[in-house]
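What's in structure-v1.cif: mmCIF, C-alpha atoms and all ligand atoms
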```
data_model
loop_
_atom_site.label_atom_id
_atom_site.label_comp_id
_atom_site.auth_asym_id
_atom_site.auth_seq_id
_atom_site.Cartn_x
_atom_site.Cartn_y
_atom_site.Cartn_z
CA MET A 26 -14.94 -93.47 -112.34
CA LYS A 27 -15.94 -96.69 -110.65
CA ALA A 28 -14.02 -98.57 -107.95
CA ILE A 29 -14.68 -101.99 -106.52
CA VAL A 30 -13.27 -102.61 -103.06
CA VAL A 31 -12.70 -106.27 -102.21
CA GLY A 32 -12.90 -106.77 -98.44
CA GLY A 33 -14.99 -104.94 -95.87
CA GLY A 34 -12.50 -104.76 -92.97
CA ILE A 35 -11.21 -101.48 -91.58
CA GLY A 36 -8.98 -100.99 -94.64
CA GLY A 37 -11.65 -101.71 -97.25
CA LEU A 38 -14.30 -99.53 -95.62
CA ALA A 39 -11.82 -96.68 -95.14
CA ALA A 40 -10.94 -96.93 -98.85
CA ALA A 41 -14.62 -96.77 -99.79
CA VAL A 42 -15.25 -93.71 -97.59
CA SER A 43 -12.15 -91.97 -98.95
CA LEU A 44 -12.77 -92.69 -102.64
CA ARG A 45 -16.37 -91.50 -102.38
CA ARG A 46 -15.08 -88.24 -100.89
CA VAL A 47 -13.22 -87.51 -104.13
CA GLY A 48 -16.18 -88.45 -106.30
CA TRP A 49 -15.68 -92.11 -107.16
CA GLU A 50 -18.60 -94.47 -107.48
CA VAL A 51 -17.77 -97.36 -105.12
CA GLN A 52 -18.97 -100.86 -104.34
CA VAL A 53 -17.65 -102.97 -101.45
CA LEU A 54 -17.68 -106.76 -101.78
CA GLU A 55 -17.27 -108.80 -98.58
CA ARG A 56 -17.23 -112.58 -98.39
CA ALA A 57 -18.59 -112.82 -94.83
CA ALA A 58 -22.33 -112.97 -94.20
CA GLU A 59 -22.18 -109.66 -92.31
CA PHE A 60 -19.97 -106.60 -92.15
CA GLY A 61 -18.24 -106.63 -88.77
CA GLU A 62 -14.98 -106.80 -86.81
CA VAL A 63 -13.79 -109.19 -84.19
CA GLY A 64 -10.81 -108.56 -81.95
CA ALA A 65 -10.32 -106.15 -79.14
CA GLY A 66 -9.09 -102.57 -78.92
CA LEU A 67 -6.70 -100.38 -80.80
CA GLY A 68 -5.13 -97.00 -80.39
CA VAL A 69 -5.83 -94.77 -83.38
CA MET A 70 -2.47 -93.02 -83.42
CA PRO A 71 -2.13 -89.30 -84.35
CA ASN A 72 -1.23 -90.13 -87.97
CA ALA A 73 -4.39 -92.22 -88.35
CA VAL A 74 -6.49 -89.60 -86.52
CA ARG A 75 -5.49 -87.21 -89.35
CA ALA A 76 -6.68 -89.79 -91.88
CA LEU A 77 -10.04 -90.07 -90.06
CA GLU A 78 -10.30 -86.27 -90.01
CA TRP A 79 -9.77 -86.14 -93.78
CA MET A 80 -12.49 -88.78 -94.21
CA GLY A 81 -14.82 -86.63 -92.09
CA VAL A 82 -15.43 -89.31 -89.44
CA ALA A 83 -13.02 -88.32 -86.64
CA ASP A 84 -15.73 -86.68 -84.53
CA GLU A 85 -17.84 -89.84 -84.68
CA ALA A 86 -14.81 -91.88 -83.61
CA ARG A 87 -14.08 -89.46 -80.76
CA LYS A 88 -17.62 -89.94 -79.41
CA LEU A 89 -16.93 -93.67 -79.00
CA GLY A 90 -13.29 -93.52 -77.96
CA THR A 91 -11.62 -92.84 -74.63
CA SER A 92 -11.40 -89.10 -74.03
CA ARG A 93 -8.04 -88.91 -72.28
CA VAL A 94 -5.28 -91.43 -72.60
CA SER A 95 -2.52 -91.65 -70.03
CA GLY A 96 -0.28 -94.55 -69.25
CA GLY A 97 3.08 -96.05 -69.93
CA ILE A 98 5.24 -99.15 -69.81
CA LYS A 99 5.39 -101.49 -66.79
CA ALA A 100 7.56 -104.38 -65.64
CA SER A 101 5.80 -107.73 -65.06
CA ASP A 102 5.69 -107.02 -61.29
CA GLY A 103 3.64 -103.89 -62.02
CA ARG A 104 6.23 -101.13 -61.48
CA TRP A 105 6.05 -98.26 -63.98
CA LEU A 106 9.22 -98.18 -66.09
CA THR A 107 8.02 -95.05 -67.81
CA HIS A 108 4.83 -93.08 -67.33
CA LEU A 109 3.26 -90.39 -69.51
CA PRO A 110 0.59 -87.88 -68.56
CA GLY A 111 -2.71 -87.93 -70.44
CA VAL A 112 -3.12 -86.89 -74.05
CA GLY A 113 -6.48 -85.92 -75.49
CA GLN A 114 -8.41 -87.38 -78.38
CA GLU A 115 -7.08 -84.76 -80.76
CA LYS A 116 -3.94 -86.92 -80.69
CA ILE A 117 -4.87 -90.55 -79.94
CA ILE A 118 -8.30 -92.19 -79.93
CA ALA A 119 -8.38 -95.43 -77.93
CA MET A 120 -11.33 -97.49 -79.06
CA HIS A 121 -12.80 -100.91 -79.72
CA ARG A 122 -12.04 -102.18 -83.21
CA ALA A 123 -15.71 -102.94 -83.78
CA ASP A 124 -16.54 -99.30 -82.95
CA LEU A 125 -14.00 -97.97 -85.49
CA HIS A 126 -15.37 -100.40 -88.07
CA GLY A 127 -18.91 -99.23 -87.21
CA VAL A 128 -17.99 -95.56 -87.66
CA LEU A 129 -16.69 -96.30 -91.18
CA LEU A 130 -19.67 -98.53 -92.01
CA ARG A 131 -22.18 -95.84 -91.03
CA ALA A 132 -20.38 -93.37 -93.30
CA LEU A 133 -21.34 -95.51 -96.33
CA PRO A 134 -24.76 -95.93 -97.93
CA PRO A 135 -26.04 -99.52 -97.44
CA GLU A 136 -26.78 -99.94 -101.16
CA ILE A 137 -23.06 -100.00 -102.04
CA LEU A 138 -22.26 -102.79 -99.53
CA PHE A 139 -22.53 -106.41 -100.69
CA ASN A 140 -22.17 -109.44 -98.36
CA ASN A 141 -21.66 -113.10 -99.15
CA VAL A 142 -19.56 -112.20 -102.20
CA GLU A 143 -16.29 -114.07 -102.36
CA VAL A 144 -14.14 -112.60 -105.13
CA THR A 145 -12.05 -115.25 -106.84
CA GLY A 146 -10.25 -113.17 -109.48
CA VAL A 147 -9.75 -109.66 -110.82
CA GLU A 148 -11.17 -110.51 -114.27
CA GLU A 149 -14.68 -110.85 -112.87
CA LEU A 150 -14.66 -107.23 -111.62
CA ASP A 151 -15.97 -104.51 -113.92
CA ALA A 152 -14.35 -101.31 -112.59
CA ASP A 153 -11.72 -98.67 -113.39
CA LEU A 154 -10.01 -99.37 -110.06
CA VAL A 155 -9.97 -102.51 -107.94
CA VAL A 156 -8.90 -102.12 -104.31
CA ALA A 157 -7.59 -105.40 -102.92
CA ALA A 158 -8.32 -104.97 -99.20
CA ASP A 159 -8.82 -108.69 -98.67
CA GLY A 160 -6.48 -109.09 -95.72
CA ILE A 161 -3.21 -110.87 -95.00
CA ASN A 162 -4.17 -114.00 -96.98
CA SER A 163 -5.25 -111.90 -99.98
CA ARG A 164 -6.38 -114.00 -102.89
CA LEU A 165 -6.02 -111.06 -105.28
CA ARG A 166 -2.39 -110.52 -104.23
CA ALA A 167 -1.63 -114.20 -104.90
CA GLU A 168 -3.17 -113.82 -108.37
CA LEU A 169 -1.38 -110.56 -109.26
CA LEU A 170 2.01 -111.24 -107.66
CA PRO A 171 2.34 -115.03 -107.84
CA ASP A 172 6.10 -114.94 -107.18
CA ALA A 173 5.87 -112.79 -104.05
CA PRO A 174 6.23 -114.74 -100.80
CA GLY A 175 3.07 -115.25 -98.74
CA PRO A 176 2.58 -114.62 -95.01
CA VAL A 177 4.96 -116.26 -92.54
CA TYR A 178 4.60 -117.03 -88.86
CA ALA A 179 6.25 -114.28 -86.81
CA GLY A 180 7.15 -116.46 -83.82
CA ALA A 181 4.56 -115.28 -81.33
CA THR A 182 0.95 -115.84 -80.44
CA ALA A 183 -1.55 -113.42 -78.91
CA TRP A 184 -4.71 -113.72 -76.83
CA ARG A 185 -7.13 -110.80 -76.82
CA GLY A 186 -10.33 -109.98 -75.07
CA VAL A 187 -12.68 -107.33 -73.71
CA ALA A 188 -13.39 -107.43 -69.96
CA PRO A 189 -16.81 -105.94 -69.18
CA GLY A 190 -15.67 -104.12 -66.00
CA PRO A 191 -16.30 -101.36 -65.23
CA PHE A 192 -12.65 -100.62 -64.48
CA ASP A 193 -10.83 -97.34 -63.94
CA LEU A 194 -7.39 -97.93 -65.44
CA GLU A 195 -4.69 -96.28 -67.51
CA ILE A 196 -3.31 -97.56 -70.80
CA SER A 197 -0.33 -99.76 -70.13
CA GLN A 198 2.03 -102.07 -71.88
CA THR A 199 3.92 -104.59 -69.75
CA PHE A 200 7.18 -106.22 -70.71
CA GLY A 201 8.22 -109.53 -69.17
CA PRO A 202 10.55 -112.32 -70.20
CA GLY A 203 9.42 -113.65 -73.61
CA GLY A 204 6.04 -112.00 -73.41
CA GLU A 205 4.12 -108.76 -73.21
CA ALA A 206 0.68 -107.59 -72.17
CA GLY A 207 -1.41 -104.55 -72.99
CA VAL A 208 -4.35 -102.86 -71.30
CA LEU A 209 -6.57 -100.38 -73.17
CA PRO A 210 -9.45 -98.90 -71.17
CA LEU A 211 -12.55 -97.85 -73.14
CA ALA A 212 -14.72 -94.84 -72.35
CA ASP A 213 -17.56 -96.96 -70.93
CA GLY A 214 -15.42 -98.81 -68.34
CA ARG A 215 -14.78 -101.91 -70.45
CA VAL A 216 -11.14 -102.82 -70.93
CA CYS A 217 -9.55 -104.28 -74.05
CA TRP A 218 -6.47 -106.32 -73.27
CA TYR A 219 -3.98 -108.64 -74.92
CA VAL A 220 -1.21 -110.95 -73.79
CA SER A 221 1.34 -112.22 -76.24
CA ALA A 222 4.09 -114.84 -75.93
CA VAL A 223 6.95 -116.13 -78.04
CA ALA A 224 5.88 -119.66 -79.02
CA PRO A 225 5.92 -122.16 -81.88
CA ALA A 226 2.96 -121.82 -84.29
CA GLY A 227 -0.16 -123.54 -83.00
CA ALA A 228 1.45 -124.41 -79.64
CA ASP A 229 -1.01 -125.69 -77.06
CA LEU A 230 -0.68 -122.96 -74.42
CA ASP A 231 -2.89 -121.57 -71.67
CA PRO A 232 -2.60 -117.77 -71.29
CA VAL A 233 -3.68 -117.99 -67.65
CA GLU A 234 -0.77 -120.30 -66.91
CA LEU A 235 1.65 -117.98 -68.72
CA PHE A 236 0.40 -114.61 -67.47
CA GLY A 237 -1.67 -115.44 -64.34
CA GLY A 238 1.31 -114.47 -62.14
CA TRP A 239 1.81 -111.05 -63.77
CA HIS A 240 0.67 -107.90 -62.02
CA GLU A 241 -2.96 -106.86 -61.60
CA PRO A 242 -5.19 -106.12 -63.45
CA ILE A 243 -3.90 -108.69 -65.98
CA PRO A 244 -5.09 -111.83 -64.10
CA THR A 245 -8.46 -110.24 -63.27
CA LEU A 246 -9.00 -109.08 -66.85
CA MET A 247 -8.33 -112.58 -68.16
CA ALA A 248 -10.56 -114.17 -65.50
CA THR A 249 -13.54 -111.87 -66.16
CA THR A 250 -13.49 -111.92 -69.97
CA PRO A 251 -16.33 -114.00 -71.42
CA GLU A 252 -14.56 -114.87 -74.67
CA ILE A 253 -10.80 -114.90 -75.23
CA LEU A 254 -9.57 -114.87 -78.85
CA ARG A 255 -6.32 -116.56 -79.87
CA HIS A 256 -4.35 -115.26 -82.83
CA ASP A 257 -1.02 -116.65 -84.07
CA ILE A 258 0.84 -113.60 -85.40
CA HIS A 259 1.85 -113.65 -89.06
CA GLU A 260 3.59 -111.06 -91.19
CA LEU A 261 3.91 -110.50 -94.92
CA PRO A 262 7.47 -110.12 -96.25
CA PRO A 263 7.86 -106.78 -98.12
CA LEU A 264 6.35 -106.77 -101.62
CA PRO A 265 8.09 -105.39 -104.73
CA THR A 266 4.98 -103.35 -105.60
CA PHE A 267 1.53 -102.51 -104.21
CA VAL A 268 -0.05 -102.06 -107.66
CA SER A 269 -0.68 -104.09 -110.78
CA GLY A 270 -2.67 -102.78 -113.74
CA ARG A 271 -5.89 -101.31 -112.32
CA VAL A 272 -5.48 -103.02 -108.93
CA ALA A 273 -4.12 -101.44 -105.74
CA LEU A 274 -3.28 -103.54 -102.69
CA LEU A 275 -4.24 -101.90 -99.40
CA GLY A 276 -4.00 -102.69 -95.68
CA ASP A 277 -2.87 -106.13 -94.55
CA ALA A 278 -3.09 -107.41 -98.13
CA ALA A 279 -0.14 -105.11 -98.90
CA HIS A 280 1.88 -104.96 -95.69
CA ALA A 281 0.66 -107.11 -92.78
CA MET A 282 3.06 -106.40 -89.93
CA VAL A 283 3.68 -107.59 -86.39
CA PRO A 284 1.53 -105.56 -83.98
CA TYR A 285 4.26 -104.28 -81.63
CA LEU A 286 3.93 -100.62 -82.66
CA GLY A 287 0.12 -100.76 -82.93
CA GLN A 288 0.23 -99.33 -86.45
CA GLY A 289 -1.29 -102.07 -88.69
CA ALA A 290 -4.82 -100.71 -88.94
CA CYS A 291 -3.47 -97.15 -88.74
CA MET A 292 -1.46 -97.85 -91.92
CA ALA A 293 -4.61 -99.13 -93.63
CA LEU A 294 -6.31 -95.80 -92.82
CA GLU A 295 -3.34 -93.87 -94.25
CA ASP A 296 -3.40 -96.09 -97.37
CA ALA A 297 -7.08 -95.38 -97.91
CA VAL A 298 -6.75 -91.60 -97.80
CA THR A 299 -3.61 -91.64 -99.95
CA LEU A 300 -5.30 -93.80 -102.58
CA ALA A 301 -8.15 -91.29 -102.79
CA VAL A 302 -5.77 -88.32 -102.95
CA CYS A 303 -3.89 -90.08 -105.79
CA ASP A 304 -7.24 -90.24 -107.63
CA GLY A 305 -6.42 -93.23 -109.84
CA ASP A 306 -2.68 -92.52 -110.20
CA LEU A 307 -1.55 -95.90 -108.90
CA ALA A 308 2.17 -95.32 -109.56
CA ARG A 309 1.98 -92.37 -107.19
CA TYR A 310 0.07 -94.45 -104.63
CA ASP A 311 2.80 -97.10 -104.76
CA ALA A 312 5.56 -94.48 -104.47
CA LEU A 313 3.90 -92.86 -101.45
CA ARG A 314 2.80 -95.96 -99.59
CA ARG A 315 5.42 -98.67 -100.13
CA PRO A 316 8.44 -96.91 -98.53
CA ARG A 317 6.35 -95.60 -95.64
CA THR A 318 4.62 -98.87 -94.73
CA GLN A 319 7.73 -100.98 -95.23
CA SER A 320 9.63 -98.69 -92.87
CA VAL A 321 6.88 -99.10 -90.23
CA TRP A 322 6.92 -102.87 -90.95
CA ARG A 323 10.69 -103.04 -90.21
CA SER A 324 10.42 -100.89 -87.10
CA SER A 325 7.56 -103.03 -85.78
CA LYS A 326 9.82 -106.07 -86.14
CA THR A 327 12.64 -104.26 -84.32
CA ALA A 328 10.21 -103.28 -81.55
CA GLY A 329 9.53 -107.00 -81.13
CA LYS A 330 13.24 -107.71 -80.69
CA PHE A 331 13.48 -105.12 -77.89
CA GLY A 332 10.09 -106.15 -76.49
CA ILE A 333 8.46 -109.54 -76.61
CA GLU A 334 11.50 -111.46 -77.90
CA MET A 335 13.87 -110.37 -75.15
CA ARG A 336 14.59 -113.19 -72.70
CA SER A 337 18.05 -112.96 -71.16
CA PRO A 338 17.93 -111.55 -67.60
CA ILE A 339 20.82 -109.16 -68.36
CA ALA A 340 19.08 -107.75 -71.44
CA LEU A 341 15.82 -107.41 -69.49
CA ALA A 342 17.57 -105.56 -66.66
CA LEU A 343 19.30 -103.23 -69.13
CA ARG A 344 16.00 -102.50 -70.88
CA SER A 345 14.29 -101.71 -67.56
CA PHE A 346 17.19 -99.47 -66.56
CA ALA A 347 17.10 -97.61 -69.89
CA LEU A 348 13.31 -97.13 -69.77
CA ARG A 349 13.50 -95.76 -66.21
CA ALA A 350 16.48 -93.51 -66.93
CA LEU A 351 15.14 -91.88 -70.10
CA PRO A 352 12.59 -89.07 -70.08
CA PRO A 353 9.18 -90.69 -70.83
CA SER A 354 8.82 -88.91 -74.19
CA VAL A 355 12.18 -90.37 -75.30
CA ALA A 356 11.42 -93.83 -73.84
CA VAL A 357 8.30 -94.16 -76.00
CA ARG A 358 9.87 -92.56 -79.07
CA GLY A 359 9.84 -95.92 -80.89
CA MET A 360 6.04 -95.94 -80.51
CA THR A 361 5.52 -92.35 -81.60
CA ARG A 362 8.07 -91.79 -84.36
CA PHE A 363 5.58 -92.52 -87.14
CA SER A 364 2.89 -90.23 -85.74
CA SER A 365 3.82 -87.09 -87.66
CA TRP A 366 2.39 -88.30 -91.02
CA GLU A 367 0.19 -85.79 -92.83
CA VAL A 368 -2.33 -86.39 -95.62
CA PRO A 369 -0.47 -85.86 -98.93
CA GLU A 370 -1.45 -82.98 -101.16
CA LYS A 371 -3.92 -83.79 -103.87
CA PHE A 372 -2.68 -83.52 -107.44
CA THR A 373 -4.74 -83.79 -110.56
CA ARG A 374 -3.51 -86.19 -113.22
CA THR A 375 -1.90 -83.19 -114.93
CA GLY A 376 0.18 -82.49 -111.85
CA ARG A 377 -1.63 -79.40 -110.53
CA ILE A 378 -2.59 -79.15 -106.86
CA HIS A 379 -6.35 -79.15 -106.20
CA GLN A 380 -7.40 -76.13 -104.16
C1 LIG B 401 -2.87 -109.48 -82.32
C2 LIG B 401 -3.02 -108.25 -83.19
C3 LIG B 401 -3.09 -106.99 -82.60
C4 LIG B 401 -3.20 -105.83 -83.39
N1 LIG B 401 -3.25 -104.62 -82.79
C5 LIG B 401 -3.32 -103.49 -83.54
C6 LIG B 401 -3.34 -102.17 -82.95
O1 LIG B 401 -3.28 -102.03 -81.73
N2 LIG B 401 -3.39 -101.09 -83.77
C7 LIG B 401 -3.45 -101.21 -85.11
O2 LIG B 401 -3.48 -100.17 -85.82
N3 LIG B 401 -3.44 -102.43 -85.72
C8 LIG B 401 -3.37 -103.56 -84.96
N4 LIG B 401 -3.37 -104.78 -85.56
C9 LIG B 401 -3.40 -104.86 -87.02
C10 LIG B 401 -4.80 -104.72 -87.59
O3 LIG B 401 -5.63 -105.66 -86.97
C11 LIG B 401 -4.79 -104.96 -89.10
O4 LIG B 401 -3.71 -104.30 -89.70
C12 LIG B 401 -6.08 -104.46 -89.77
O5 LIG B 401 -7.21 -104.98 -89.12
C13 LIG B 401 -6.08 -104.85 -91.25
O6 LIG B 401 -7.29 -104.45 -91.84
P1 LIG B 401 -7.62 -104.88 -93.34
O7 LIG B 401 -8.94 -104.27 -93.65
O8 LIG B 401 -6.46 -104.61 -94.21
O9 LIG B 401 -7.75 -106.48 -93.31
P2 LIG B 401 -8.83 -107.42 -92.62
O10 LIG B 401 -9.30 -106.83 -91.33
O11 LIG B 401 -8.23 -108.78 -92.56
O12 LIG B 401 -10.07 -107.41 -93.62
C14 LIG B 401 -10.09 -108.15 -94.80
C15 LIG B 401 -11.53 -108.40 -95.20
O13 LIG B 401 -11.59 -108.97 -96.49
C16 LIG B 401 -12.54 -110.02 -96.52
N5 LIG B 401 -12.12 -110.92 -97.60
C17 LIG B 401 -11.03 -111.71 -97.64
N6 LIG B 401 -10.95 -112.36 -98.81
C18 LIG B 401 -12.03 -111.98 -99.54
C19 LIG B 401 -12.49 -112.31 -100.84
N7 LIG B 401 -11.82 -113.16 -101.63
N8 LIG B 401 -13.64 -111.72 -101.30
C20 LIG B 401 -14.32 -110.84 -100.51
N9 LIG B 401 -13.92 -110.50 -99.25
C21 LIG B 401 -12.79 -111.06 -98.78
C22 LIG B 401 -12.45 -110.62 -95.12
O14 LIG B 401 -13.60 -111.35 -94.78
C23 LIG B 401 -12.26 -109.37 -94.27
O15 LIG B 401 -13.49 -108.80 -93.87
C24 LIG B 401 -3.27 -105.95 -84.79
C25 LIG B 401 -3.23 -107.22 -85.39
C26 LIG B 401 -3.11 -108.36 -84.60
C27 LIG B 401 -3.04 -109.71 -85.26
#
```
Encoded form using structure tokens:
Amino acid sequence: MKAIVVGGGIGGLAAAVSLRRVGWEVQVLERAAEFGEVGAGLGVMPNAVRALEWMGVADEARKLGTSRVSGGIKASDGRWLTHLPGVGQEKIIAMHRADLHGVLLRALPPEILFNNVEVTGVEELDADLVVAADGINSRLRAELLPDAPGPVYAGATAWRGVAPGPFDLEISQTFGPGGEAGVLPLADGRVCWYVSAVAPAGADLDPVELFGGWHEPIPTLMATTPEILRHDIHELPPLPTFVSGRVALLGDAAHAMVPYLGQGACMALEDAVTLAVCDGDLARYDALRRPRTQSVWRSSKTAGKFGIEMRSPIALALRSFALRALPPSVAVRGMTRFSSWEVPEKFTRTGRIHQ
């Protein structure tokens, strides 16, 4: 059985690794001149760590990720509102996106990877399965589901970067009025960070002006980062299906979500493994993935309402009080409630479980 994966981002590469594991012949077509990832860091949450384990690349990821992760949520003056002791890489792997992308890329033979190929339609692809992993602005999705709404602006913009350091910091997320910031230390002393503010799309804003007065290390990280990336945040309204004929939508092409639970790329990793386990049964893939990802999509939106979108001083004070009063494990429950996902059992097309 032959699969063509359109898009060589984290989702597309994970799909290629996973499908090859169950015996599919795979080709990956990427429109960019090179396979690579921009952006900053991400936390590979426990659910996605299980997906990487199934793909056989978790140990490689652990070598590049941060070995122990401790941290919590702060107020914009730097006080901890909730603080959690360290967890090891068996649970969360904090890493640079480019490193995760690299781990997946190295798990694939170069001869199946094709650059400078912009796919313009499904018809041109000769395969039993087409994986549309072509991102939030997916051309294949627009072709297959022409009536489904496209991406919409989610009301906030983000700046991201990697400060060379070396720094010795904990993971932290900071909530302030109408904005939030995140700090993700890497194993080698570099620090991935983001700041994000509620703003009209394309607004002419300077992150240093907005966040320069927040607690350290946020101003220093911004000041010492050679290149700061700006990203207006978009989301894809829930789709009626993730499959059409021999095509399966995967990753942001299927369910781009706001990043407030840090689960977007993690969902793409889950999609990839599930698609392989379904072994061509796309109805089962849709049944397993659509409810799960749309639930995470909704919760990510809700996290934004209690996080970045909160502005009134009374609501902010209540949130700080609640975060301080609750035990840390309960305070971060919104972040962790999707972590218990396990790789689904593998069925053959006749319904028997593979041993
Ligand atoms: C500000 C921000 C912060 C985030 N933080 C986190 C986080 O902490 N944790 C987390 O898990 N997720 C996070 N995410 C989400 C995560 O970045 C995405 O969910 C993930 O990268 C999606 O991967 P993908 O492979 O589906 O899509 P993409 O990374 O968009 O890859 C799509 C690929 O397809 C290629 N392509 C497109 N069209 C074509 C075509 N026609 N032909 C051939 N190739 C094509 C593109 O060039 C690209 O390489 C964040 C997102 C944002 C915006």
Checklist entry - Got a sec: who's within 9 Å of Glu367 (chain A), counting all atoms listed in the file, leaving out chain neighbours fewer than 2 positions off, as a ChimeraX atom specification? => result /A:72,75-76,295,364-365,369-370
Item to check | Surrounding residues of Tyr178 (chain A) excluding itself and chain neighbours under 4 positions, 12 Å, all atoms listed in the file, as a VMD selection string | outcome: chain A and resid 161 182 223 to 227 256 to 262 281 to 283
Checklist outcome for this item: Atom pair CA of Val82 (chain A) + CA of Tyr310 (chain A), distance 22.3 Å
Item to check | Neighbours of point (-7.9, -98.9, -78.1) within 6 Å, using all atoms listed in the file, written as an NGL selection string | outcome: :A and (66-68 or 119-121 or 209)
Could the residues in this selection be saved with C-alpha atoms as a CSV table (one decimal), in the coordinates of the input?
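Wrote result.csv, looks like this:
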```
chain,number,residue,atom,x,y,z
A,66,GLY,CA,-9.1,-102.6,-78.9
A,67,LEU,CA,-6.7,-100.4,-80.8
A,68,GLY,CA,-5.1,-97.0,-80.4
A,119,ALA,CA,-8.4,-95.4,-77.9
A,120,MET,CA,-11.3,-97.5,-79.1
A,121,HIS,CA,-12.8,-100.9,-79.7
A,209,LEU,CA,-6.6,-100.4,-73.2
```
Box for region 136-139 of chain A - axis-aligned, 3 Å on each of the six sides, all listed atoms - centre and size in Å to one decimal, as JSON.
```
{"center_x": -24.5, "center_y": -103.2, "center_z": -100.8, "size_x": 10.5, "size_y": 12.5, "size_z": 8.5}
```
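Once Leu130 (chain A) and its same-chain neighbours fewer than 6 positions away are set aside, Gly33, Ile35, Leu38, Ala39, Val42, Phe60 and Gly61 of chain A remain within 9 Å of it when counting all atoms listed in the file.
Applying the 10 Å criterion to (1.6, -87.7, -69.3) in file coordinates and using only C-alpha atoms, one obtains the residues Val94, Ser95, Gly96, Gly97, Thr107, His108, Leu109, Pro110, Gly111, Val112, Pro353 and Ser354 of chain A.
If you measure from each of A:Leu106, A:Leu264, A:Val208, A:Ala301 to Trp79 (chain A) using all atoms listed in the file, the closest one turns out to be A:Ala301.
With distances taken over all atoms listed in the file, A:Asp102 is the one residue among A:Asp102, A:Ala152, A:Ser345, A:Leu294 lying closest to Phe236 (chain A).
Nearest residue to ligand LIG 401 (chain B) among A:Gly160, A:Pro232, A:Gly127, A:Pro242 is A:Gly160, counting only C-alpha atoms and all ligand atoms.
When only C-alpha atoms are used to compute distances to Asp151 (chain A), the closest of the residues A:Val272, A:Ala132, A:Cys217, A:Leu341 turns out to be A:Val272.
Among the candidates A:Glu136, A:Glu143, A:Glu78, A:Asp213, the one nearest to ligand LIG 401 (chain B) when counting all atoms listed in the file is A:Glu143.
Every protein or nucleic acid residue with an atom no more than 8 Å from Val216 (chain A), counting only C-alpha atoms and leaving out same-chain residues fewer than 3 positions away, appears here: Val187, Ala188, Pro189, Gly190, Pro191, Phe192, Val208, Leu209, Pro210, Leu211 and Leu246 of chain A.
CA of Ile253 (chain A) lies 26.3 Å from CA of Phe331 (chain A).
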